[in-house]
$ cat data_13.txt   # compact mmCIF, C-alpha atoms and all ligand atoms
# COMPACT_ATOMS: atom_id res chain seq x y z
CA MET A 248 1.63 23.23 1.82
CA GLN A 249 0.57 25.46 4.71
CA LYS A 250 -2.92 23.95 4.79
CA ILE A 251 -1.52 20.46 5.39
CA ASP A 252 0.18 21.67 8.58
CA GLU A 253 -3.10 23.25 9.73
CA TYR A 254 -4.98 20.01 9.05
CA LYS A 255 -2.37 18.02 10.97
CA ILE A 256 -2.89 20.24 14.03
CA ILE A 257 -6.68 19.76 13.80
CA LEU A 258 -6.21 15.99 13.42
CA GLN A 259 -3.93 15.83 16.45
CA SER A 260 -6.58 17.57 18.53
CA ARG A 261 -9.31 15.16 17.38
CA LEU A 262 -7.53 11.79 17.18
CA ASP A 263 -5.59 9.57 19.57
CA GLU A 264 -1.95 8.88 18.76
CA HIS A 265 -2.65 5.52 17.12
CA ARG A 266 -5.31 6.96 14.81
CA TYR A 267 -3.19 10.02 13.99
CA ASN A 268 -0.28 7.78 13.04
CA HIS A 269 -2.66 5.64 10.92
CA SER A 270 -3.85 8.80 9.11
CA LEU A 271 -0.27 9.81 8.25
CA CYS A 272 0.45 6.27 6.99
CA VAL A 273 -2.69 6.18 4.81
CA ALA A 274 -1.83 9.62 3.37
CA ASP A 275 1.65 8.39 2.38
CA GLU A 276 0.29 5.16 0.93
CA ALA A 277 -2.46 6.99 -1.01
CA LYS A 278 0.14 9.34 -2.48
CA ARG A 279 2.36 6.40 -3.44
CA LEU A 280 -0.55 4.60 -5.14
CA ALA A 281 -1.55 7.81 -6.96
CA GLU A 282 1.98 8.12 -8.32
CA LYS A 283 1.93 4.47 -9.40
CA TYR A 284 -1.53 4.52 -11.02
CA GLY A 285 -1.64 8.06 -12.46
CA GLY A 286 -3.97 9.50 -9.84
CA ASN A 287 -3.98 12.99 -8.37
CA THR A 288 -1.24 12.80 -5.74
CA GLU A 289 -2.31 15.90 -3.80
CA LYS A 290 -5.98 14.89 -3.61
CA CYS A 291 -5.11 11.31 -2.64
CA PHE A 292 -2.69 12.49 0.06
CA LEU A 293 -5.27 14.89 1.49
CA ALA A 294 -8.07 12.30 1.38
CA GLY A 295 -5.75 9.84 3.16
CA LEU A 296 -4.75 12.35 5.79
CA LEU A 297 -8.33 13.35 6.64
CA HIS A 298 -10.26 10.11 6.01
CA ASP A 299 -10.66 9.12 9.69
CA ILE A 300 -11.02 12.66 11.08
CA THR A 301 -14.16 11.77 13.08
CA LYS A 302 -13.07 8.21 13.96
CA ASN A 303 -12.59 9.03 17.65
CA SER A 304 -15.81 11.05 17.95
CA ASP A 305 -18.43 9.83 20.41
CA PRO A 306 -21.93 8.88 19.14
CA LYS A 307 -23.29 12.24 20.30
CA GLU A 308 -20.91 14.18 18.04
CA HIS A 309 -21.66 11.96 15.03
CA LEU A 310 -25.41 12.43 15.56
CA GLN A 311 -24.91 16.17 15.93
CA ILE A 312 -23.07 16.31 12.59
CA PHE A 313 -25.84 14.26 10.91
CA GLU A 314 -28.49 16.60 12.26
CA THR A 315 -26.61 19.78 11.36
CA PHE A 316 -25.95 18.70 7.79
CA GLY A 317 -29.26 16.91 7.15
CA ILE A 318 -27.84 13.41 6.82
CA ILE A 319 -30.52 10.71 7.17
CA LEU A 320 -29.34 7.22 8.11
CA SER A 321 -30.78 3.98 6.69
CA ASP A 322 -31.59 1.14 9.09
CA ILE A 323 -28.31 -0.59 8.29
CA GLU A 324 -26.39 2.64 8.92
CA LYS A 325 -28.22 3.26 12.21
CA ASN A 326 -27.19 -0.16 13.42
CA ALA A 327 -23.55 -0.07 12.30
CA GLN A 328 -21.76 2.65 14.22
CA LYS A 329 -18.48 1.70 12.50
CA LEU A 330 -19.92 3.26 9.33
CA TRP A 331 -20.69 6.60 10.93
CA HIS A 332 -17.21 8.11 10.73
CA ALA A 333 -17.18 7.88 6.93
CA MET A 334 -20.45 9.85 6.68
CA SER A 335 -19.65 12.35 9.42
CA GLY A 336 -16.04 12.71 8.27
CA ALA A 337 -17.10 13.63 4.72
CA ALA A 338 -19.61 16.20 6.06
CA TYR A 339 -16.97 17.59 8.43
CA ILE A 340 -14.29 18.14 5.82
CA GLU A 341 -16.77 19.60 3.34
CA ASN A 342 -18.60 21.95 5.69
CA VAL A 343 -16.28 22.64 8.61
CA LEU A 344 -12.88 22.53 6.89
CA GLU A 345 -14.59 23.86 3.73
CA ILE A 346 -12.83 21.47 1.38
CA ARG A 347 -15.28 21.84 -1.49
CA ASP A 348 -13.87 19.13 -3.68
CA ASN A 349 -16.26 16.29 -4.54
CA GLU A 350 -13.48 13.88 -5.37
CA ILE A 351 -11.95 14.23 -1.88
CA VAL A 352 -15.31 14.43 -0.07
CA ASP A 353 -16.63 11.34 -1.92
CA ALA A 354 -13.45 9.34 -1.33
CA ILE A 355 -13.86 9.90 2.43
CA ARG A 356 -17.62 9.30 2.30
CA TYR A 357 -17.14 5.85 0.77
CA HIS A 358 -13.80 4.79 2.29
CA THR A 359 -15.43 2.24 4.61
CA THR A 360 -18.21 0.66 2.50
CA ALA A 361 -16.92 1.41 -1.00
CA LYS A 362 -19.62 1.84 -3.69
CA ALA A 363 -20.21 1.17 -7.40
CA ASN A 364 -18.45 3.41 -9.93
CA MET A 365 -15.83 4.81 -7.62
CA SER A 366 -13.37 7.40 -8.89
CA LEU A 367 -9.67 6.58 -9.02
CA THR A 368 -9.13 8.78 -5.95
CA SER A 369 -11.83 6.85 -4.04
CA LYS A 370 -10.39 3.46 -4.99
CA ILE A 371 -6.91 4.57 -4.04
CA LEU A 372 -8.08 5.75 -0.62
CA TYR A 373 -10.08 2.55 -0.05
CA LEU A 374 -7.00 0.43 -0.82
CA ALA A 375 -4.48 2.68 0.95
CA ASP A 376 -6.57 2.17 4.11
CA PHE A 377 -5.97 -1.59 3.69
CA THR A 378 -2.27 -1.49 2.75
CA SER A 379 -0.85 1.42 4.79
CA ALA A 380 2.42 0.74 6.64
CA ASP A 381 0.71 0.52 10.05
CA ARG A 382 -1.68 -2.31 9.04
CA ASN A 383 -0.99 -5.80 10.37
CA TYR A 384 -4.20 -7.85 9.95
CA PRO A 385 -3.94 -11.41 8.56
CA ASP A 386 -3.65 -11.31 4.74
CA VAL A 387 -2.14 -7.81 4.69
CA ASN A 388 0.78 -9.09 2.63
CA VAL A 389 -1.55 -10.70 0.08
CA ILE A 390 -3.28 -7.42 -0.61
CA ARG A 391 0.02 -5.52 -0.54
CA GLY A 392 1.25 -7.86 -3.28
CA LEU A 393 -1.95 -7.46 -5.30
CA VAL A 394 -1.94 -3.68 -5.14
CA GLU A 395 1.48 -3.64 -6.81
CA LYS A 396 0.01 -5.69 -9.68
CA SER A 397 -3.46 -4.35 -10.31
CA LEU A 398 -5.71 -1.84 -8.56
CA ASP A 399 -8.85 -3.72 -9.61
CA GLU A 400 -7.58 -7.11 -8.43
CA ALA A 401 -6.64 -5.61 -5.08
CA PHE A 402 -10.04 -3.89 -4.93
CA ILE A 403 -12.02 -7.10 -5.49
CA TYR A 404 -9.84 -8.94 -2.98
CA ALA A 405 -10.43 -6.23 -0.36
CA LEU A 406 -14.20 -6.31 -0.98
CA LYS A 407 -14.27 -10.10 -0.64
CA TYR A 408 -12.17 -9.92 2.51
CA THR A 409 -14.59 -7.40 4.03
CA ILE A 410 -17.72 -9.31 3.00
CA ILE A 411 -16.32 -12.61 4.35
CA ASP A 412 -15.30 -10.95 7.61
CA LEU A 413 -18.72 -9.33 8.04
CA THR A 414 -20.66 -12.51 7.29
CA GLU A 415 -18.46 -14.51 9.68
CA ARG A 416 -19.32 -12.02 12.40
CA SER A 417 -23.03 -11.99 11.37
CA LYS A 418 -22.90 -8.27 10.57
CA ALA A 419 -25.09 -6.58 7.97
CA ILE A 420 -23.46 -5.84 4.63
CA HIS A 421 -24.12 -2.32 3.42
CA PRO A 422 -25.80 -2.22 -0.03
CA ASP A 423 -23.00 0.06 -1.29
CA THR A 424 -20.49 -2.72 -0.50
CA VAL A 425 -22.62 -5.26 -2.40
CA ALA A 426 -22.93 -2.84 -5.34
CA ALA A 427 -19.16 -2.31 -5.42
CA TYR A 428 -18.59 -6.06 -5.38
CA ASN A 429 -21.18 -6.77 -8.12
CA GLU A 430 -19.91 -4.04 -10.38
CA THR A 431 -16.31 -5.16 -10.04
CA VAL A 432 -16.93 -8.87 -10.68
CA LEU A 433 -19.20 -8.11 -13.64
CA HIS A 434 -16.46 -5.91 -15.07
CA LEU A 435 -13.87 -8.68 -14.57
CA GLU A 436 -16.17 -11.17 -16.39
CA ASP A 437 -16.22 -8.84 -19.40
CA ASN A 438 -12.47 -9.28 -19.88
O1 LIG A 501 -11.53 3.33 10.04
P1 LIG A 501 -10.59 2.18 9.79
O2 LIG A 501 -10.51 1.25 10.95
O3 LIG A 501 -9.23 2.63 9.34
O4 LIG A 501 -11.18 1.31 8.58
P2 LIG A 501 -12.63 1.39 7.90
O5 LIG A 501 -13.11 2.78 7.78
O6 LIG A 501 -12.53 0.59 6.64
O7 LIG A 501 -13.57 0.65 8.93
C1 LIG A 501 -13.55 -0.72 9.01
C2 LIG A 501 -14.72 -1.20 9.85
O8 LIG A 501 -15.97 -0.95 9.18
C3 LIG A 501 -14.63 -2.68 10.09
O9 LIG A 501 -14.84 -2.92 11.48
C4 LIG A 501 -15.77 -3.28 9.31
C5 LIG A 501 -16.73 -2.13 9.14
N1 LIG A 501 -17.45 -2.25 7.86
C6 LIG A 501 -16.93 -2.09 6.62
N2 LIG A 501 -17.87 -2.32 5.66
C7 LIG A 501 -19.02 -2.62 6.33
C8 LIG A 501 -18.75 -2.57 7.74
N3 LIG A 501 -19.68 -2.83 8.68
C9 LIG A 501 -20.91 -3.17 8.26
N4 LIG A 501 -21.84 -3.45 9.17
N5 LIG A 501 -21.26 -3.24 6.93
C10 LIG A 501 -20.35 -2.98 5.91
O10 LIG A 501 -20.68 -3.07 4.74
FE FE A 502 -12.13 4.60 8.46
FE FE A 503 -8.60 4.29 8.19
$ encode --input "data_13.txt" --output "structure tokens" --more "lines below"
Ligand code: DGI
Ligand code: FE
Ligand code: FE
Amino acid sequence: MQKIDEYKIILQSRLDEHRYNHSLCVADEAKRLAEKYGGNTEKCFLAGLLHDITKNSDPKEHLQIFETFGIILSDIEKNAQKLWHAMSGAAYIENVLEIRDNEIVDAIRYHTTAKANMSLTSKILYLADFTSADRNYPDVNVIRGLVEKSLDEAFIYALKYTIIDLTERSKAIHPDTVAAYNETVLHLEDN
């Protein structure tokens, strides 16, 4: 697809080499998971490719994007700059790259915190970000094993991993992350 090549050039101009390589790896992993779980391979690939498009932006650029597109931050969001690239990235791809596809925009918007009632595309992106070939955090092989077995089991594991990591570092947990966790465990209890 011609567009993909254009997006890659934009990404290369915005991201350092490490982050660009990560984006390519997440795109491949998202496509693989879409094939495995009956998702939309093109949307998942594109969401993976573009998900960290504003990751290397400085605070000034993030704040500029929030102002331009009328995004108001909660107190938790103001204090957690690591969450900004998901919000600014979604606004960037929707309004600057003009990708008017809610499934792709939403997947990028929630790729860091997750949220309740995520679409298959959003879940796939969230997990592909954890299991992409470039990842090497402790436990990466546990979640790689789980994602081959069940998307929901891998999803709950990833949420727990994130919540444990945040609490250990005394960081605030975004309400969307709590909602994703609650919804998923309640759903598991039903079975
Ligand atoms: O952008 P990546 O590094 O590929 O991965 P990501 O978008 O999942 O970002 C991970 C970072 O975001 C990690 O440092 C933890 C942080 N994070 C994720 N969920 C929350 C969070 N930080 C806070 N304060 N609250 C959250 O709920
Ligand atoms: Fe990210
Ligand atoms: Fe990422």
$ closest_atom_pairs --input "data_13.txt" --of "chain A" --to "ligand FE 503 (chain A)" --cutoff "7 Å" --atoms "all atoms listed in the file" --output "CSV"
residue,atom,partner,partner_atom,distance
A:His269,CA,A:FE503,FE,6.7
A:Ser270,CA,A:FE503,FE,6.6
A:His298,CA,A:FE503,FE,6.4
A:Asp299,CA,A:FE503,FE,5.5
A:Asp376,CA,A:FE503,FE,5.0
$ residues_near_ligand --input "data_13.txt" --ligand "ligand FE 502 (chain A)" --cutoff "7 Å" --atoms "all atoms listed in the file" --output "list of chain:residue names"
A:His298, A:Asp299, A:Lys302, A:His332, A:Ala333, A:His358, A:Thr359
$ atom_distance --input "data_13.txt" --atom1 "atom CA of Thr424 of chain A" --atom2 "atom CA of Lys407 of chain A"
9.7 Å
$ residues_near_ligand --input "data_13.txt" --ligand "ligand LIG 501 (chain A)" --cutoff "9 Å" --atoms "all atoms listed in the file" --output "PyMOL selection string"
chain A and resi 266+269-270+273+298-299+302+323-324+326-330+332-333+355+357-361+373+376-377+406+409-410+412-413+417-425
$ closest_residue --input "data_13.txt" --among "A:Val432, A:Ile340, A:Leu258, A:Leu280" --to "Glu395 of chain A" --atoms "only C-alpha atoms"
A:Leu280
$ residues_near_point --input "data_13.txt" --point "(-19.9, 10.5, 16.2)" --cutoff "12 Å" --atoms "only C-alpha atoms" --output "PyMOL selection string"
chain A and resi 261+299-314+325+327-336+338-339
$ residues_around --input "data_13.txt" --residues "Lys370 of chain A" --least-positions-apart "6" --cutoff "12 Å" --atoms "all atoms listed in the file" --output "mmCIF file with C-alpha atoms, keeping the file's coordinate frame"
data_model
loop_
_atom_site.group_PDB
_atom_site.id
_atom_site.type_symbol
_atom_site.label_atom_id
_atom_site.label_comp_id
_atom_site.auth_asym_id
_atom_site.auth_seq_id
_atom_site.Cartn_x
_atom_site.Cartn_y
_atom_site.Cartn_z
ATOM 1 C CA ALA A 277 -2.460 6.990 -1.010
ATOM 2 C CA LEU A 280 -0.550 4.600 -5.140
ATOM 3 C CA ALA A 281 -1.550 7.810 -6.960
ATOM 4 C CA TYR A 284 -1.530 4.520 -11.020
ATOM 5 C CA GLY A 286 -3.970 9.500 -9.840
ATOM 6 C CA ASN A 287 -3.980 12.990 -8.370
ATOM 7 C CA CYS A 291 -5.110 11.310 -2.640
ATOM 8 C CA ALA A 294 -8.070 12.300 1.380
ATOM 9 C CA GLY A 295 -5.750 9.840 3.160
ATOM 10 C CA GLU A 350 -13.480 13.880 -5.370
ATOM 11 C CA ILE A 351 -11.950 14.230 -1.880
ATOM 12 C CA ASP A 353 -16.630 11.340 -1.920
ATOM 13 C CA ALA A 354 -13.450 9.340 -1.330
ATOM 14 C CA ILE A 355 -13.860 9.900 2.430
ATOM 15 C CA ARG A 356 -17.620 9.300 2.300
ATOM 16 C CA TYR A 357 -17.140 5.850 0.770
ATOM 17 C CA HIS A 358 -13.800 4.790 2.290
ATOM 18 C CA THR A 359 -15.430 2.240 4.610
ATOM 19 C CA THR A 360 -18.210 0.660 2.500
ATOM 20 C CA ALA A 361 -16.920 1.410 -1.000
ATOM 21 C CA LYS A 362 -19.620 1.840 -3.690
ATOM 22 C CA ALA A 363 -20.210 1.170 -7.400
ATOM 23 C CA ASN A 364 -18.450 3.410 -9.930
ATOM 24 C CA ASP A 376 -6.570 2.170 4.110
ATOM 25 C CA PHE A 377 -5.970 -1.590 3.690
ATOM 26 C CA VAL A 394 -1.940 -3.680 -5.140
ATOM 27 C CA SER A 397 -3.460 -4.350 -10.310
ATOM 28 C CA LEU A 398 -5.710 -1.840 -8.560
ATOM 29 C CA ASP A 399 -8.850 -3.720 -9.610
ATOM 30 C CA GLU A 400 -7.580 -7.110 -8.430
ATOM 31 C CA ALA A 401 -6.640 -5.610 -5.080
ATOM 32 C CA PHE A 402 -10.040 -3.890 -4.930
ATOM 33 C CA ILE A 403 -12.020 -7.100 -5.490
ATOM 34 C CA ALA A 405 -10.430 -6.230 -0.360
ATOM 35 C CA LEU A 406 -14.200 -6.310 -0.980
ATOM 36 C CA ALA A 427 -19.160 -2.310 -5.420
ATOM 37 C CA THR A 431 -16.310 -5.160 -10.040
#
$ atom_distance --input "data_13.txt" --atom1 "atom CA of Lys278 of chain A" --atom2 "atom CA of Ser366 of chain A"
15.1 Å
$ atom_distance --input "data_13.txt" --atom1 "atom CA of Gly392 of chain A" --atom2 "atom CA of Leu367 of chain A"
19.0 Å
$ closest_residue --input "data_13.txt" --among "A:Met365, A:Leu372, A:Ile319, A:Val352" --to "Asp275 of chain A" --atoms "all atoms listed in the file"
A:Leu372
$ residues_near_point --input "data_13.txt" --point "(-13.8, 23.6, 7.7)" --cutoff "12 Å" --atoms "only C-alpha atoms" --output "ChimeraX atom specification"
/A:250,253-254,257,297,300,336-347
$ closest_residue --input "data_13.txt" --among "A:Ile251, A:Ala380, A:Leu262, A:Ile256" --to "Glu276 of chain A" --atoms "only C-alpha atoms"
A:Ala380
$ residues_around --input "data_13.txt" --residues "Ala274 of chain A" --least-positions-apart "5" --cutoff "7 Å" --atoms "all atoms listed in the file" --output "list in words"
Phe292, Leu293, Gly295 and Leu296 of chain A
